[in-house]
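Here is the structure we will look at.
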Amino acid sequence: MNYPKSDVIVHMDIQLKELEARREAVIKSVQLGCNHEELGECDYLNQDWLGSMPPMRICLHCGMSEDGWSWYVLHGEANKVGRLNYDQKIPIRKMDRDDLYRARRGLSIRDAHKGPIARREVTLAQLIEADGDLKKLGIEEEKD
Ligand SMILES: [Zn+2]
């Protein structure tokens, strides 16, 4: 038995779950078509003896994020994945790390994704569809 039993609360819980599922589908759809042409970036974070966290970028239009010391996706148009395109003039706004975290939605591109993207084992569309889970795509994550 699930609690609380109140019909009103249960009904609203169901509506919220449906709305969240619709939002996830919309985020995937927007990210699939986005050219990522307006980017935000926060600097790396030095954590002394804990090491450092790499810089992070976000597309301010669709919320896709990427972290690391080089950029595979958020450096230009989505359809140029795997081909670094330094010529493109994409405006990059400096952001506070917390603001960037709050703005993230959908796919977050991590180091483990970059090898398979570069080797063309996986497309960005497949990554978006699989919520970034390489195991769903039959690919083992790489260990550092
Ligand atoms: Zn985007």
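Labels used: A, B, ... for chains in the order of the structure tokens, numbers from 1 for residues in each chain, and numbers from 1 for ligands as shown.
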
What are the closest atom pairs, with distances in Å to one decimal, for all residues of chain A lying within 12 Å of ligand 1? Consider only C-alpha atoms and all ligand atoms, order rows by chain and residue number, and present the result as CSV.
residue,atom,partner,partner_atom_place_in_ligand_line,distance
A:Ile27,CA,ligand 1,1 (Zn),9.9
A:Lys28,CA,ligand 1,1 (Zn),10.4
A:Ser29,CA,ligand 1,1 (Zn),10.7
A:Val30,CA,ligand 1,1 (Zn),7.6
A:Gln31,CA,ligand 1,1 (Zn),5.5
A:Leu32,CA,ligand 1,1 (Zn),8.2
A:Gly33,CA,ligand 1,1 (Zn),7.9
A:Cys34,CA,ligand 1,1 (Zn),4.5
A:Asn35,CA,ligand 1,1 (Zn),5.6
A:His36,CA,ligand 1,1 (Zn),3.5
A:Glu37,CA,ligand 1,1 (Zn),6.8
A:Glu38,CA,ligand 1,1 (Zn),7.5
A:Leu39,CA,ligand 1,1 (Zn),8.1
A:Gly40,CA,ligand 1,1 (Zn),10.7
A:Arg57,CA,ligand 1,1 (Zn),10.7
A:Ile58,CA,ligand 1,1 (Zn),7.8
A:Cys59,CA,ligand 1,1 (Zn),4.5
A:Leu60,CA,ligand 1,1 (Zn),6.7
A:His61,CA,ligand 1,1 (Zn),5.1
A:Cys62,CA,ligand 1,1 (Zn),4.1
A:Gly63,CA,ligand 1,1 (Zn),6.2
A:Met64,CA,ligand 1,1 (Zn),5.8
A:Ser65,CA,ligand 1,1 (Zn),8.6
A:Glu66,CA,ligand 1,1 (Zn),10.9
A:Val73,CA,ligand 1,1 (Zn),9.4
A:Leu74,CA,ligand 1,1 (Zn),7.8
A:His75,CA,ligand 1,1 (Zn),10.4
A:Gly76,CA,ligand 1,1 (Zn),9.4
A:Glu77,CA,ligand 1,1 (Zn),8.6
A:Ala78,CA,ligand 1,1 (Zn),7.8
A:Asn79,CA,ligand 1,1 (Zn),11.4
A:Ile90,CA,ligand 1,1 (Zn),11.8
A:Ala103,CA,ligand 1,1 (Zn),12.0
A:Arg104,CA,ligand 1,1 (Zn),10.7
A:Arg105,CA,ligand 1,1 (Zn),10.1
A:Gly106,CA,ligand 1,1 (Zn),10.4
A:Leu107,CA,ligand 1,1 (Zn),10.1
A:Ser108,CA,ligand 1,1 (Zn),11.3
A:Leu124,CA,ligand 1,1 (Zn),11.7
A:Ile128,CA,ligand 1,1 (Zn),11.7

Contacts of Cys42 of chain A at 10 Å (only C-alpha atoms; same-chain gap of 5+ positions) as a PDB file with N, CA and C atoms, in the first residue's frame:
ATOM      1  N   PRO A  54      37.584  19.606 -13.343  1.00  0.00           N
ATOM      2  CA  PRO A  54      37.841  20.279 -14.613  1.00  0.00           C
ATOM      3  C   PRO A  54      36.812  21.382 -14.882  1.00  0.00           C
ATOM      4  N   PRO A  55      37.103  22.241 -15.854  1.00  0.00           N
ATOM      5  CA  PRO A  55      36.111  23.237 -16.251  1.00  0.00           C
ATOM      6  C   PRO A  55      34.855  22.544 -16.771  1.00  0.00           C
ATOM      7  N   MET A  56      33.772  23.278 -16.815  1.00  0.00           N
ATOM      8  CA  MET A  56      32.513  22.721 -17.299  1.00  0.00           C
ATOM      9  C   MET A  56      31.838  23.738 -18.205  1.00  0.00           C
ATOM     10  N   ARG A  57      31.196  23.218 -19.227  1.00  0.00           N
ATOM     11  CA  ARG A  57      30.425  24.071 -20.137  1.00  0.00           C
ATOM     12  C   ARG A  57      28.983  23.628 -20.144  1.00  0.00           C
ATOM     13  N   ILE A  58      28.146  24.571 -20.518  1.00  0.00           N
ATOM     14  CA  ILE A  58      26.726  24.266 -20.664  1.00  0.00           C
ATOM     15  C   ILE A  58      26.204  25.009 -21.889  1.00  0.00           C
ATOM     16  N   ASP A  67      31.936  18.310 -19.226  1.00  0.00           N
ATOM     17  CA  ASP A  67      33.083  18.707 -18.418  1.00  0.00           C
ATOM     18  C   ASP A  67      34.335  18.027 -18.939  1.00  0.00           C
ATOM     19  N   ILE A  92      30.911  32.566 -25.406  1.00  0.00           N
ATOM     20  CA  ILE A  92      30.982  31.770 -24.180  1.00  0.00           C
ATOM     21  C   ILE A  92      30.932  32.713 -22.985  1.00  0.00           C
ATOM     22  N   ARG A  93      29.886  32.544 -22.199  1.00  0.00           N
ATOM     23  CA  ARG A  93      29.693  33.402 -21.027  1.00  0.00           C
ATOM     24  C   ARG A  93      30.312  32.740 -19.801  1.00  0.00           C
ATOM     25  N   LYS A  94      31.140  33.467 -19.072  1.00  0.00           N
ATOM     26  CA  LYS A  94      31.705  32.937 -17.821  1.00  0.00           C
ATOM     27  C   LYS A  94      30.590  32.827 -16.785  1.00  0.00           C
ATOM     28  N   MET A  95      30.542  31.685 -16.082  1.00  0.00           N
ATOM     29  CA  MET A  95      29.478  31.449 -15.108  1.00  0.00           C
ATOM     30  C   MET A  95      30.054  30.942 -13.797  1.00  0.00           C
ATOM     31  N   ASP A  96      29.308  31.154 -12.742  1.00  0.00           N
ATOM     32  CA  ASP A  96      29.585  30.559 -11.446  1.00  0.00           C
ATOM     33  C   ASP A  96      29.246  29.059 -11.526  1.00  0.00           C
ATOM     34  N   ARG A  97      30.078  28.197 -10.922  1.00  0.00           N
ATOM     35  CA  ARG A  97      29.863  26.748 -11.015  1.00  0.00           C
ATOM     36  C   ARG A  97      28.476  26.340 -10.492  1.00  0.00           C
ATOM     37  N   ASP A  98      28.045  26.941  -9.390  1.00  0.00           N
ATOM     38  CA  ASP A  98      26.730  26.582  -8.825  1.00  0.00           C
ATOM     39  C   ASP A  98      25.603  26.969  -9.781  1.00  0.00           C
ATOM     40  N   ASP A  99      25.707  28.148 -10.413  1.00  0.00           N
ATOM     41  CA  ASP A  99      24.683  28.565 -11.381  1.00  0.00           C
ATOM     42  C   ASP A  99      24.644  27.590 -12.555  1.00  0.00           C
ATOM     43  N   LEU A 100      25.841  27.160 -12.989  1.00  0.00           N
ATOM     44  CA  LEU A 100      25.906  26.218 -14.105  1.00  0.00           C
ATOM     45  C   LEU A 100      25.268  24.883 -13.714  1.00  0.00           C
ATOM     46  N   TYR A 101      25.577  24.383 -12.514  1.00  0.00           N
ATOM     47  CA  TYR A 101      24.965  23.123 -12.057  1.00  0.00           C
ATOM     48  C   TYR A 101      23.442  23.228 -12.051  1.00  0.00           C
TER      49      TYR A 101
END

From the options A:Asp48, A:Ala112, A:Leu19, A:Ser70, which residue's atoms come nearest to Gly132 of chain A, counting only C-alpha atoms? A:Ala112

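Going from atom CA of Gln47 of chain A to atom CA of Gly68 of chain A covers 15.6 Å.
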
Which of chain A end up as strand (DSSP E) when DSSP is run on this backbone - answer as a ChimeraX atom specification? /A:39-42,45-46,52-53,56-59,65-67,92-94,108-109

Serialized selection, N, CA and C atoms, as an mmCIF file, in the first residue's frame:
data_model
loop_
_atom_site.group_PDB
_atom_site.id
_atom_site.type_symbol
_atom_site.label_atom_id
_atom_site.label_comp_id
_atom_site.auth_asym_id
_atom_site.auth_seq_id
_atom_site.Cartn_x
_atom_site.Cartn_y
_atom_site.Cartn_z
ATOM 1 N N LEU A 39 26.968 29.390 -25.253
ATOM 2 C CA LEU A 39 27.540 28.540 -24.207
ATOM 3 C C LEU A 39 27.912 29.333 -22.967
ATOM 4 N N GLY A 40 27.812 28.663 -21.814
ATOM 5 C CA GLY A 40 28.326 29.180 -20.555
ATOM 6 C C GLY A 40 29.449 28.275 -20.090
ATOM 7 N N GLU A 41 30.399 28.817 -19.347
ATOM 8 C CA GLU A 41 31.531 28.015 -18.892
ATOM 9 C C GLU A 41 31.957 28.456 -17.500
ATOM 10 N N CYS A 42 32.273 27.492 -16.644
ATOM 11 C CA CYS A 42 32.913 27.834 -15.365
ATOM 12 C C CYS A 42 34.329 27.296 -15.408
ATOM 13 N N LEU A 45 38.107 23.900 -10.811
ATOM 14 C CA LEU A 45 38.025 24.172 -9.376
ATOM 15 C C LEU A 45 39.171 23.456 -8.673
ATOM 16 N N ASN A 46 40.080 24.238 -8.083
ATOM 17 C CA ASN A 46 41.204 23.671 -7.342
ATOM 18 C C ASN A 46 40.729 23.283 -5.952
ATOM 19 N N SER A 52 41.657 18.545 -8.486
ATOM 20 C CA SER A 52 40.868 19.641 -9.042
ATOM 21 C C SER A 52 39.751 19.088 -9.915
ATOM 22 N N MET A 53 38.687 19.872 -10.019
ATOM 23 C CA MET A 53 37.586 19.508 -10.909
ATOM 24 C C MET A 53 37.781 20.276 -12.203
ATOM 25 N N MET A 56 33.772 23.278 -16.815
ATOM 26 C CA MET A 56 32.513 22.721 -17.299
ATOM 27 C C MET A 56 31.838 23.738 -18.205
ATOM 28 N N ARG A 57 31.196 23.218 -19.227
ATOM 29 C CA ARG A 57 30.425 24.071 -20.137
ATOM 30 C C ARG A 57 28.983 23.628 -20.144
ATOM 31 N N ILE A 58 28.146 24.571 -20.518
ATOM 32 C CA ILE A 58 26.726 24.266 -20.664
ATOM 33 C C ILE A 58 26.204 25.009 -21.889
ATOM 34 N N CYS A 59 25.274 24.389 -22.583
ATOM 35 C CA CYS A 59 24.555 25.103 -23.642
ATOM 36 C C CYS A 59 23.411 25.846 -22.955
ATOM 37 N N SER A 65 25.339 19.663 -20.813
ATOM 38 C CA SER A 65 26.594 20.105 -20.215
ATOM 39 C C SER A 65 27.719 19.148 -20.588
ATOM 40 N N GLU A 66 28.934 19.638 -20.439
ATOM 41 C CA GLU A 66 30.120 18.841 -20.745
ATOM 42 C C GLU A 66 31.221 19.281 -19.796
ATOM 43 N N ASP A 67 31.936 18.310 -19.226
ATOM 44 C CA ASP A 67 33.083 18.707 -18.418
ATOM 45 C C ASP A 67 34.335 18.027 -18.939
ATOM 46 N N ILE A 92 30.911 32.566 -25.406
ATOM 47 C CA ILE A 92 30.982 31.770 -24.180
ATOM 48 C C ILE A 92 30.932 32.713 -22.985
ATOM 49 N N ARG A 93 29.886 32.544 -22.199
ATOM 50 C CA ARG A 93 29.693 33.402 -21.027
ATOM 51 C C ARG A 93 30.312 32.740 -19.801
ATOM 52 N N LYS A 94 31.140 33.467 -19.072
ATOM 53 C CA LYS A 94 31.705 32.937 -17.821
ATOM 54 C C LYS A 94 30.590 32.827 -16.785
ATOM 55 N N SER A 108 24.634 14.995 -19.773
ATOM 56 C CA SER A 108 25.864 15.585 -19.279
ATOM 57 C C SER A 108 27.015 14.758 -19.830
ATOM 58 N N ILE A 109 27.825 15.364 -20.674
ATOM 59 C CA ILE A 109 28.891 14.621 -21.357
ATOM 60 C C ILE A 109 30.121 14.555 -20.462
#

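Note that atom CA of Glu20 of chain A and atom CA of Gln126 of chain A are 20.9 Å apart.
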